[in-house]
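Heads up, protein06.txt below (compact mmCIF, C-alpha atoms):
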# COMPACT_ATOMS: atom_id res chain seq x y z
CA MET A 5 10.72 39.29 24.12
CA SER A 6 10.01 36.03 22.33
CA THR A 7 6.44 35.47 21.12
CA ASP A 8 4.49 32.40 20.07
CA ARG A 9 4.79 33.64 16.50
CA ASP A 10 8.59 33.78 16.77
CA ALA A 11 8.62 30.21 18.03
CA LEU A 12 7.10 29.01 14.76
CA THR A 13 10.45 29.34 13.02
CA SER A 14 12.15 26.94 15.43
CA ARG A 15 9.43 24.33 15.80
CA GLU A 16 10.15 20.68 15.13
CA ILE A 17 7.85 19.01 12.59
CA PRO A 18 7.81 15.20 12.41
CA PHE A 19 8.45 13.56 9.04
CA MET A 20 6.15 10.91 7.65
CA ASN A 21 7.81 7.54 7.07
CA LEU A 22 6.95 5.50 3.98
CA SER A 23 7.64 1.84 3.38
CA ASN A 24 10.89 0.76 1.76
CA VAL A 25 10.60 -2.67 0.16
CA SER A 26 14.39 -3.05 0.13
CA ASP A 27 14.25 -3.22 3.93
CA PRO A 28 14.08 -6.90 4.96
CA ASN A 29 11.70 -5.92 7.78
CA CYS A 30 9.31 -4.13 5.42
CA LEU A 31 5.67 -5.04 6.04
CA THR A 32 4.28 -4.04 2.64
CA HIS A 33 5.72 -6.66 0.31
CA PRO A 34 3.18 -8.34 -2.00
CA PRO A 35 1.57 -11.43 -0.50
CA ARG A 36 3.10 -14.72 -1.54
CA PRO A 37 1.48 -16.10 -4.71
CA LEU A 38 -1.15 -18.75 -4.17
CA PRO A 39 0.12 -22.25 -5.02
CA LYS A 40 -0.60 -23.09 -8.65
CA THR A 41 -1.38 -26.62 -7.58
CA LEU A 42 -4.48 -25.51 -5.68
CA PRO A 43 -7.75 -26.39 -7.41
CA ALA A 44 -9.54 -23.40 -8.89
CA ALA A 45 -12.25 -23.33 -6.23
CA GLU A 46 -9.67 -23.33 -3.43
CA ARG A 47 -7.66 -20.57 -5.10
CA ALA A 48 -10.82 -18.48 -5.39
CA ALA A 49 -11.63 -19.03 -1.71
CA ALA A 50 -8.06 -18.24 -0.65
CA ARG A 51 -8.08 -15.02 -2.66
CA PHE A 52 -10.91 -13.64 -0.55
CA ALA A 53 -9.97 -15.30 2.74
CA VAL A 54 -10.13 -13.08 5.83
CA GLU A 55 -7.44 -13.94 8.36
CA GLY A 56 -7.36 -12.98 12.02
CA ASN A 57 -9.66 -11.08 14.33
CA VAL A 58 -12.02 -8.20 13.68
CA VAL A 59 -13.29 -5.25 15.72
CA ILE A 60 -16.55 -3.71 14.51
CA THR A 61 -17.78 -0.50 16.14
CA GLY A 62 -21.51 0.04 16.10
CA GLY A 63 -21.26 -3.74 15.97
CA ALA A 64 -24.78 -4.52 17.17
CA GLY A 65 -26.40 -2.66 14.27
CA THR A 66 -28.03 -4.37 11.31
CA LEU A 67 -25.36 -3.53 8.72
CA ALA A 68 -22.51 -4.33 11.11
CA LEU A 69 -23.95 -7.74 12.03
CA SER A 70 -24.42 -8.57 8.35
CA THR A 71 -20.79 -7.63 7.71
CA ALA A 72 -19.66 -9.70 10.69
CA ARG A 73 -21.42 -12.75 9.28
CA ALA A 74 -19.77 -12.29 5.88
CA LEU A 75 -16.31 -11.89 7.43
CA LEU A 76 -16.82 -15.07 9.46
CA GLU A 77 -17.96 -16.92 6.33
CA HIS A 78 -14.66 -15.95 4.73
CA GLY A 79 -12.52 -17.16 7.61
CA ALA A 80 -12.32 -14.53 10.35
CA THR A 81 -11.50 -16.33 13.58
CA GLY A 82 -12.88 -13.80 16.06
CA ILE A 83 -15.27 -10.86 16.10
CA ALA A 84 -15.51 -8.20 18.82
CA LEU A 85 -18.75 -6.26 18.45
CA TRP A 86 -18.24 -2.86 20.10
CA ASP A 87 -21.39 -0.91 20.88
CA LEU A 88 -23.28 0.86 23.62
CA GLU A 89 -24.53 -1.44 26.38
CA THR A 90 -28.17 -0.66 25.59
CA THR A 91 -27.73 -1.58 21.93
CA LEU A 92 -25.87 -4.77 22.76
CA ARG A 93 -28.76 -5.81 25.01
CA SER A 94 -31.43 -5.07 22.41
CA SER A 95 -29.48 -7.06 19.79
CA GLN A 96 -28.66 -9.95 22.10
CA SER A 97 -30.71 -12.49 20.17
CA ALA A 98 -29.10 -11.52 16.84
CA ILE A 99 -25.63 -11.76 18.36
CA HIS A 100 -26.46 -15.15 19.87
CA SER A 101 -27.71 -16.35 16.48
CA LEU A 102 -24.45 -15.23 14.88
CA ALA A 103 -22.38 -17.06 17.50
CA THR A 104 -24.48 -20.21 17.08
CA SER A 105 -23.85 -20.17 13.33
CA PHE A 106 -20.08 -20.12 13.85
CA PRO A 107 -19.30 -22.31 16.86
CA ASN A 108 -15.57 -22.42 16.09
CA ALA A 109 -15.20 -18.62 16.12
CA ARG A 110 -15.04 -16.35 19.16
CA ILE A 111 -17.85 -13.77 18.94
CA PHE A 112 -18.62 -11.41 21.78
CA GLY A 113 -19.90 -7.94 22.57
CA VAL A 114 -17.83 -5.17 24.14
CA SER A 115 -19.53 -2.21 25.80
CA ALA A 116 -17.75 0.79 24.31
CA ASP A 117 -18.34 4.51 23.79
CA VAL A 118 -16.28 5.65 20.79
CA THR A 119 -16.25 9.23 22.05
CA SER A 120 -14.35 8.17 25.18
CA LYS A 121 -10.65 7.42 24.93
CA ASP A 122 -10.78 5.51 28.22
CA SER A 123 -13.67 3.37 27.01
CA ILE A 124 -11.82 2.61 23.77
CA ALA A 125 -8.69 1.63 25.72
CA GLU A 126 -10.77 -0.75 27.82
CA GLY A 127 -12.25 -2.18 24.63
CA ILE A 128 -8.79 -2.83 23.17
CA THR A 129 -7.69 -4.54 26.38
CA ALA A 130 -10.78 -6.76 26.50
CA THR A 131 -10.47 -7.64 22.81
CA VAL A 132 -6.77 -8.54 22.93
CA GLN A 133 -7.23 -10.53 26.14
CA THR A 134 -10.02 -12.56 24.52
CA LEU A 135 -8.86 -12.85 20.91
CA GLY A 136 -5.11 -12.27 21.15
CA SER A 137 -4.90 -9.70 18.36
CA VAL A 138 -6.69 -6.96 16.44
CA ASP A 139 -6.20 -7.52 12.71
CA HIS A 140 -9.08 -5.63 11.14
CA LEU A 141 -11.26 -2.71 12.20
CA PHE A 142 -14.58 -1.65 10.70
CA CYS A 143 -16.01 1.63 12.01
CA PHE A 144 -19.79 1.51 11.71
CA ALA A 145 -20.58 3.59 14.81
CA GLY A 146 -22.36 6.79 13.89
CA ILE A 147 -25.39 9.01 14.39
CA VAL A 148 -27.61 10.95 12.01
CA GLY A 149 -29.23 14.28 12.74
CA CYS A 150 -31.46 16.29 10.42
CA PHE A 151 -31.52 19.96 11.41
CA ASN A 152 -31.95 23.18 9.49
CA ALA A 153 -28.53 24.81 9.62
CA MET A 154 -29.86 28.14 10.93
CA GLU A 155 -31.60 26.43 13.85
CA MET A 156 -28.98 23.77 14.63
CA THR A 157 -27.56 24.10 18.13
CA GLU A 158 -23.88 23.97 18.99
CA THR A 159 -24.54 20.75 20.92
CA GLN A 160 -26.18 19.10 17.91
CA TRP A 161 -23.27 20.10 15.68
CA ARG A 162 -20.58 18.98 18.11
CA SER A 163 -22.21 15.68 19.07
CA THR A 164 -22.52 14.62 15.42
CA LEU A 165 -18.85 15.29 14.70
CA ASP A 166 -17.81 13.85 18.05
CA VAL A 167 -19.36 10.45 17.34
CA ASN A 168 -18.93 10.20 13.58
CA THR A 169 -15.51 11.76 13.06
CA THR A 170 -13.65 11.99 16.36
CA GLY A 171 -15.00 8.60 17.45
CA ALA A 172 -13.76 6.95 14.26
CA PHE A 173 -10.34 8.57 14.64
CA LEU A 174 -9.90 7.61 18.30
CA THR A 175 -10.89 4.02 17.59
CA ALA A 176 -8.65 3.79 14.52
CA GLN A 177 -5.74 5.28 16.46
CA ALA A 178 -6.09 2.81 19.33
CA CYS A 179 -6.43 -0.18 17.01
CA ALA A 180 -3.52 1.00 14.85
CA LYS A 181 -1.24 1.12 17.89
CA GLN A 182 -2.12 -2.50 18.65
CA MET A 183 -1.70 -3.50 14.99
CA ALA A 184 1.73 -1.85 14.86
CA ILE A 185 2.86 -3.95 17.82
CA GLN A 186 1.78 -7.12 16.05
CA GLN A 187 4.01 -6.44 12.99
CA ARG A 188 1.83 -8.39 10.57
CA GLY A 189 3.11 -8.68 7.01
CA SER A 190 1.17 -8.59 3.74
CA PRO A 191 -1.75 -8.53 3.18
CA GLY A 192 -1.41 -6.77 6.52
CA CYS A 193 -3.97 -5.33 8.87
CA SER A 194 -6.86 -3.24 7.64
CA ILE A 195 -8.97 -0.34 8.88
CA THR A 196 -12.18 0.55 7.08
CA LEU A 197 -14.00 3.77 7.92
CA THR A 198 -17.67 4.15 7.07
CA ALA A 199 -18.09 7.45 5.24
CA SER A 200 -21.17 8.10 3.09
CA ILE A 201 -22.42 9.55 -0.16
CA SER A 202 -23.20 12.44 2.20
CA GLY A 203 -19.47 13.16 2.20
CA HIS A 204 -19.52 13.52 -1.58
CA ARG A 205 -22.56 15.68 -2.18
CA VAL A 206 -25.46 17.37 -0.37
CA ASN A 207 -28.36 15.15 0.62
CA PHE A 208 -31.88 15.90 -0.56
CA PRO A 209 -34.50 16.61 0.67
CA GLN A 210 -33.41 16.41 4.33
CA PRO A 211 -31.07 19.11 5.75
CA GLN A 212 -28.11 17.58 7.60
CA ALA A 213 -25.06 19.81 7.31
CA ALA A 214 -23.31 18.40 10.39
CA TYR A 215 -23.68 14.80 9.22
CA ASN A 216 -22.43 15.66 5.73
CA VAL A 217 -19.39 17.43 7.15
CA SER A 218 -18.63 14.56 9.52
CA LYS A 219 -18.59 12.09 6.64
CA ALA A 220 -16.58 14.30 4.30
CA ALA A 221 -13.99 14.56 7.07
CA LEU A 222 -13.74 10.76 7.23
CA ILE A 223 -12.92 10.58 3.53
CA SER A 224 -10.01 12.97 4.12
CA LEU A 225 -9.01 11.20 7.34
CA LYS A 226 -8.85 7.89 5.49
CA SER A 227 -6.26 9.30 3.08
CA SER A 228 -4.13 10.82 5.82
CA LEU A 229 -4.06 7.64 7.89
CA ALA A 230 -3.39 5.49 4.82
CA ALA A 231 -0.31 7.58 4.05
CA GLU A 232 1.03 7.49 7.61
CA TRP A 233 0.25 3.93 8.63
CA ALA A 234 1.15 1.84 5.57
CA VAL A 235 4.70 1.54 6.91
CA HIS A 236 3.21 -0.40 9.84
CA GLY A 237 1.49 -2.86 7.52
CA ILE A 238 -1.89 -1.18 7.99
CA ARG A 239 -4.13 -0.41 5.03
CA VAL A 240 -6.78 2.27 5.59
CA ASN A 241 -9.76 2.68 3.27
CA SER A 242 -13.33 3.90 3.48
CA ILE A 243 -16.70 2.92 2.09
CA SER A 244 -19.37 5.44 1.17
CA PRO A 245 -22.78 3.76 1.28
CA GLY A 246 -25.87 5.27 -0.22
CA TYR A 247 -29.25 5.11 1.48
CA MET A 248 -29.63 1.67 3.05
CA ASP A 249 -32.98 0.05 3.76
CA THR A 250 -32.66 -0.43 7.52
CA VAL A 251 -34.76 0.50 10.54
CA LEU A 252 -32.97 3.86 10.64
CA ASN A 253 -34.70 4.81 7.40
CA ALA A 254 -38.03 3.14 8.10
CA GLY A 255 -41.36 4.71 9.01
CA GLU A 256 -44.40 6.53 7.70
CA GLY A 257 -45.13 10.20 7.06
CA ARG A 258 -42.24 12.45 6.04
CA ILE A 259 -39.68 9.65 6.13
CA ALA A 260 -41.81 7.69 3.64
CA GLU A 261 -41.79 10.72 1.34
CA MET A 262 -38.02 10.95 1.68
CA ARG A 263 -37.58 7.24 0.92
CA GLN A 264 -39.56 7.70 -2.29
CA SER A 265 -37.45 10.72 -3.19
CA TRP A 266 -34.21 8.79 -2.61
CA ALA A 267 -35.45 5.95 -4.81
CA ASP A 268 -36.67 8.29 -7.54
CA ARG A 269 -33.27 10.02 -7.72
CA ASN A 270 -31.31 6.74 -7.95
CA PRO A 271 -30.53 5.12 -11.32
CA MET A 272 -31.37 1.72 -9.82
CA GLY A 273 -34.66 3.04 -8.43
CA ARG A 274 -34.21 1.74 -4.89
CA MET A 275 -32.30 1.89 -1.63
CA GLY A 276 -29.52 -0.53 -0.75
CA ALA A 277 -30.49 -3.83 0.87
CA VAL A 278 -28.87 -5.28 3.97
CA GLY A 279 -25.97 -7.40 2.74
CA GLU A 280 -25.00 -5.19 -0.18
CA LEU A 281 -22.04 -3.74 1.74
CA ASP A 282 -20.72 -7.16 2.72
CA GLY A 283 -18.75 -7.79 -0.46
CA ILE A 284 -16.65 -4.64 -0.32
CA CYS A 285 -15.93 -5.23 3.38
CA VAL A 286 -14.70 -8.77 2.68
CA LEU A 287 -12.60 -7.48 -0.22
CA LEU A 288 -10.88 -4.84 1.91
CA ALA A 289 -10.03 -7.29 4.70
CA SER A 290 -8.79 -10.08 2.41
CA ARG A 291 -5.64 -10.68 0.37
CA ALA A 292 -7.65 -9.57 -2.69
CA GLY A 293 -7.42 -6.05 -1.24
CA SER A 294 -3.71 -6.22 -0.42
CA TYR A 295 -2.81 -3.20 -2.65
CA MET A 296 -5.90 -1.16 -1.79
CA ASN A 297 -4.91 1.71 0.46
CA GLY A 298 -6.28 5.22 0.77
CA ALA A 299 -9.30 4.48 -1.42
CA ASP A 300 -12.97 5.33 -0.95
CA PHE A 301 -15.53 2.92 -2.37
CA VAL A 302 -18.93 4.37 -3.21
CA VAL A 303 -21.70 1.76 -2.89
CA ASP A 304 -24.88 3.66 -3.75
CA GLY A 305 -26.60 2.22 -6.80
CA GLY A 306 -25.41 5.21 -8.82
CA ALA A 307 -26.93 7.97 -6.68
CA CYS A 308 -23.77 10.07 -6.95
CA CYS A 309 -24.10 10.10 -10.75
CA PHE A 310 -26.46 13.05 -10.33
Target encoding structure tokens, full file:
Amino acid sequence: MSTDRDALTSREIPFMNLSNVSDPNCLTHPPRPLPKTLPAAERAAARFAVEGNVVITGGAGTLALSTARALLEHGATGIALWDLETTLRSSQSAIHSLATSFPNARIFGVSADVTSKDSIAEGITATVQTLGSVDHLFCFAGIVGCFNAMEMTETQWRSTLDVNTTGAFLTAQACAKQMAIQQRGSPGCSITLTASISGHRVNFPQPQAAYNVSKAALISLKSSLAAEWAVHGIRVNSISPGYMDTVLNAGEGRIAEMRQSWADRNPMGRMGAVGELDGICVLLASRAGSYMNGADFVVDGGACCF
């Protein structure tokens, strides 16, 4: 009688395809050189130009909106801000301000739950119908939970990984399928996952095993997707921010003690300010990042030095 174990010897395993630059249809050739006749200032601007349309999950959050503004400043033509309906409503004035600042760009919110494949599919449909393409994805959607590991419930563990890791994968997968259809050549499409210094080392003093694991998984996921999807003209990278000075880390009492601890253990003596992730995000979406694939960029003021 055949068993599942016997079937292992006859299973079919798919092979990964890599780019072949001798193929005339290859999507990973270097971008064409910038014209030497361009003035220096125009060459500099073109080097960091962001072309096409951008999806940002967790898009109504402070860091995401700051990134959206920077991408628009560098030429993005459309921004779809994916977030929960409640968050989109509470950030309505900030989104309106962003749209007012860039009247020639299409900026809109999409109600989306990154843990739901159906919701993500609806988000892709709405985005493509409105913008025409998905050229860049930034995954900012995530949750933080601080629980002692011995007391953490199964629900707390699963929900953290469901949003932070599975949600990022499902969104990246859906966007990658759309990007593959578009067949965009170099510098290609880009996907940027938001990992964390928490994926590189244990946080202190707060206990957050589930969060740390969810972010470490994204760093590995980034490498796997970068290897598989480059052939489709898709570059996949991640950023690993340190502690950022946003409302999520604001407050008095214990959180104030933690903020002081984070600053004291950082070579630069402070948390990151809103806007200090913008540069790396622009880099990864622009032609300046055309050969960056499978990399993780730590932006933490040096916290990981210790």
Proximity check stretch 76-177 of chain A to stretch 59-69 of chain A, 7 Å, nearest pairs one decimal Å, only C-alpha atoms, as JSON lines:
{"residue": "A:Ile83", "atom": "CA", "partner": "A:Val59", "partner_atom": "CA", "distance": 6.0}
{"residue": "A:Ala84", "atom": "CA", "partner": "A:Val59", "partner_atom": "CA", "distance": 4.8}
{"residue": "A:Leu85", "atom": "CA", "partner": "A:Gly63", "partner_atom": "CA", "distance": 4.3}
{"residue": "A:Trp86", "atom": "CA", "partner": "A:Thr61", "partner_atom": "CA", "distance": 4.6}
{"residue": "A:Asp87", "atom": "CA", "partner": "A:Gly62", "partner_atom": "CA", "distance": 4.9}
{"residue": "A:Thr91", "atom": "CA", "partner": "A:Ala64", "partner_atom": "CA", "distance": 6.3}
{"residue": "A:Leu92", "atom": "CA", "partner": "A:Ala64", "partner_atom": "CA", "distance": 5.7}
{"residue": "A:Ser95", "atom": "CA", "partner": "A:Ala64", "partner_atom": "CA", "distance": 6.0}
{"residue": "A:Val138", "atom": "CA", "partner": "A:Val59", "partner_atom": "CA", "distance": 6.9}
{"residue": "A:His140", "atom": "CA", "partner": "A:Val59", "partner_atom": "CA", "distance": 6.2}
{"residue": "A:Leu141", "atom": "CA", "partner": "A:Val59", "partner_atom": "CA", "distance": 4.8}
{"residue": "A:Phe142", "atom": "CA", "partner": "A:Ile60", "partner_atom": "CA", "distance": 4.8}
{"residue": "A:Cys143", "atom": "CA", "partner": "A:Thr61", "partner_atom": "CA", "distance": 5.0}
{"residue": "A:Phe144", "atom": "CA", "partner": "A:Gly62", "partner_atom": "CA", "distance": 4.9}
{"residue": "A:Ala145", "atom": "CA", "partner": "A:Gly62", "partner_atom": "CA", "distance": 3.9}
_Separation of atom CA of A:Thr13 from atom CA of A:Ser228, in Å and rounded to one decimal_ =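 Pair atom CA of A:Thr13 / atom CA of A:Ser228 returns 24.6 Å.
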*Choose the residue, out of A:Asp304, A:Glu155, A:Glu77, A:Asp8, that has the smallest atom-to-atom separation from A:Ala277; count all atoms listed in the file.*
A:Asp304
*asked:* Using all atoms listed in the file for the distances, tell me which of A:Ser194, A:Ser123, A:Ser290, A:Thr90 is nearest to A:Pro35.
replied: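 Of A:Ser194, A:Ser123, A:Ser290, A:Thr90, the one nearest A:Pro35, counting all atoms listed in the file, is A:Ser290.
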_Near-A:Thr175 list (9 Å; only C-alpha atoms; drop same-chain fewer than 4 positions) as a ChimeraX atom specification_ = /A:61,118-119,121,124-125,141,143,170-171,179-180
*Which residues, protein or nucleic acid, reach to within 12 Å of (-16.1, 8.1, 8.5) in the file's coordinates when using all atoms listed in the file, and can you give that as a PyMOL selection string?*
chain A and resi 61+142-147+164-176+195-204+215-227+240-245+300
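Pairwise distance (atom CA of A:Ala72, atom CA of A:Asp282) equals 8.4 Å.
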*Find the residues with any atom within 12 Å of (-7.6, -15.2, -2.6); use only C-alpha atoms and the coordinates as given in the file, and write the answer as a PyMOL selection string.*
chain A and resi 35-39+42+44-55+78-79+191+286-294
*Proximity to A:Thr71 - best of A:Met20, A:Ile259, A:Val58, A:Gly246, all atoms listed in the file*: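 The answer is A:Val58, which sits nearest to A:Thr71.
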*Point-to-point distance from atom CA of A:Ser70 to atom CA of A:Val278, Å rounded to tenths*: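 Atom-to-atom, atom CA of A:Ser70 to atom CA of A:Val278, that is 7.1 Å.
Closest approach to A:Cys150 from the set A:Gln210, A:Ser97, A:Ser14, A:Thr131 is made by A:Gln210, with distances taken over only C-alpha atoms.
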*Which is closer to A:Ala234 than all the others in A:Arg110, A:Lys40, A:Arg205, A:His33, using all atoms listed in the file?*
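Closest residue, counting all atoms listed in the file: A:His33.
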*Find, counting only C-alpha atoms, the residue in A:Arg269, A:Arg263, A:Arg239, A:Arg258 that gets nearest to A:Ala299.*
A:Arg239
Can stretch 272-289 of chain A be brought up to N, CA and C atoms and written out as an mmCIF file, in the frame of the given file?
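As a result, result.cif now contains:
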data_model
loop_
_atom_site.group_PDB
_atom_site.id
_atom_site.type_symbol
_atom_site.label_atom_id
_atom_site.label_comp_id
_atom_site.auth_asym_id
_atom_site.auth_seq_id
_atom_site.Cartn_x
_atom_site.Cartn_y
_atom_site.Cartn_z
ATOM 1 N N MET A 272 -30.856 3.071 -10.025
ATOM 2 C CA MET A 272 -31.370 1.720 -9.820
ATOM 3 C C MET A 272 -32.757 1.728 -9.210
ATOM 4 N N GLY A 273 -33.281 2.908 -8.877
ATOM 5 C CA GLY A 273 -34.660 3.040 -8.430
ATOM 6 C C GLY A 273 -34.964 2.478 -7.066
ATOM 7 N N ARG A 274 -33.960 2.312 -6.216
ATOM 8 C CA ARG A 274 -34.210 1.740 -4.890
ATOM 9 C C ARG A 274 -33.085 2.101 -3.934
ATOM 10 N N MET A 275 -33.326 1.769 -2.646
ATOM 11 C CA MET A 275 -32.300 1.890 -1.630
ATOM 12 C C MET A 275 -31.475 0.609 -1.600
ATOM 13 N N GLY A 276 -30.353 0.652 -0.886
ATOM 14 C CA GLY A 276 -29.520 -0.530 -0.750
ATOM 15 C C GLY A 276 -30.121 -1.507 0.246
ATOM 16 N N ALA A 277 -29.974 -2.790 -0.023
ATOM 17 C CA ALA A 277 -30.490 -3.830 0.870
ATOM 18 C C ALA A 277 -29.405 -4.261 1.847
ATOM 19 N N VAL A 278 -29.821 -4.734 3.009
ATOM 20 C CA VAL A 278 -28.870 -5.280 3.970
ATOM 21 C C VAL A 278 -28.113 -6.424 3.292
ATOM 22 N N GLY A 279 -26.809 -6.403 3.391
ATOM 23 C CA GLY A 279 -25.970 -7.400 2.740
ATOM 24 C C GLY A 279 -25.210 -6.858 1.548
ATOM 25 N N GLU A 280 -25.645 -5.699 1.021
ATOM 26 C CA GLU A 280 -25.000 -5.190 -0.180
ATOM 27 C C GLU A 280 -23.718 -4.395 0.108
ATOM 28 N N LEU A 281 -23.356 -4.286 1.388
ATOM 29 C CA LEU A 281 -22.040 -3.740 1.740
ATOM 30 C C LEU A 281 -21.051 -4.854 2.080
ATOM 31 N N ASP A 282 -21.565 -6.068 2.244
ATOM 32 C CA ASP A 282 -20.720 -7.160 2.720
ATOM 33 C C ASP A 282 -19.543 -7.442 1.802
ATOM 34 N N GLY A 283 -19.793 -7.430 0.495
ATOM 35 C CA GLY A 283 -18.750 -7.790 -0.460
ATOM 36 C C GLY A 283 -17.545 -6.879 -0.398
ATOM 37 N N ILE A 284 -17.776 -5.573 -0.349
ATOM 38 C CA ILE A 284 -16.650 -4.640 -0.320
ATOM 39 C C ILE A 284 -15.899 -4.764 1.002
ATOM 40 N N CYS A 285 -16.604 -5.067 2.087
ATOM 41 C CA CYS A 285 -15.930 -5.230 3.380
ATOM 42 C C CYS A 285 -15.037 -6.465 3.367
ATOM 43 N N VAL A 286 -15.527 -7.566 2.802
ATOM 44 C CA VAL A 286 -14.700 -8.770 2.680
ATOM 45 C C VAL A 286 -13.489 -8.487 1.803
ATOM 46 N N LEU A 287 -13.696 -7.820 0.683
ATOM 47 C CA LEU A 287 -12.600 -7.480 -0.220
ATOM 48 C C LEU A 287 -11.497 -6.719 0.514
ATOM 49 N N LEU A 288 -11.876 -5.704 1.280
ATOM 50 C CA LEU A 288 -10.880 -4.840 1.910
ATOM 51 C C LEU A 288 -10.120 -5.548 3.027
ATOM 52 N N ALA A 289 -10.718 -6.579 3.626
ATOM 53 C CA ALA A 289 -10.030 -7.290 4.700
ATOM 54 C C ALA A 289 -9.254 -8.510 4.203
#
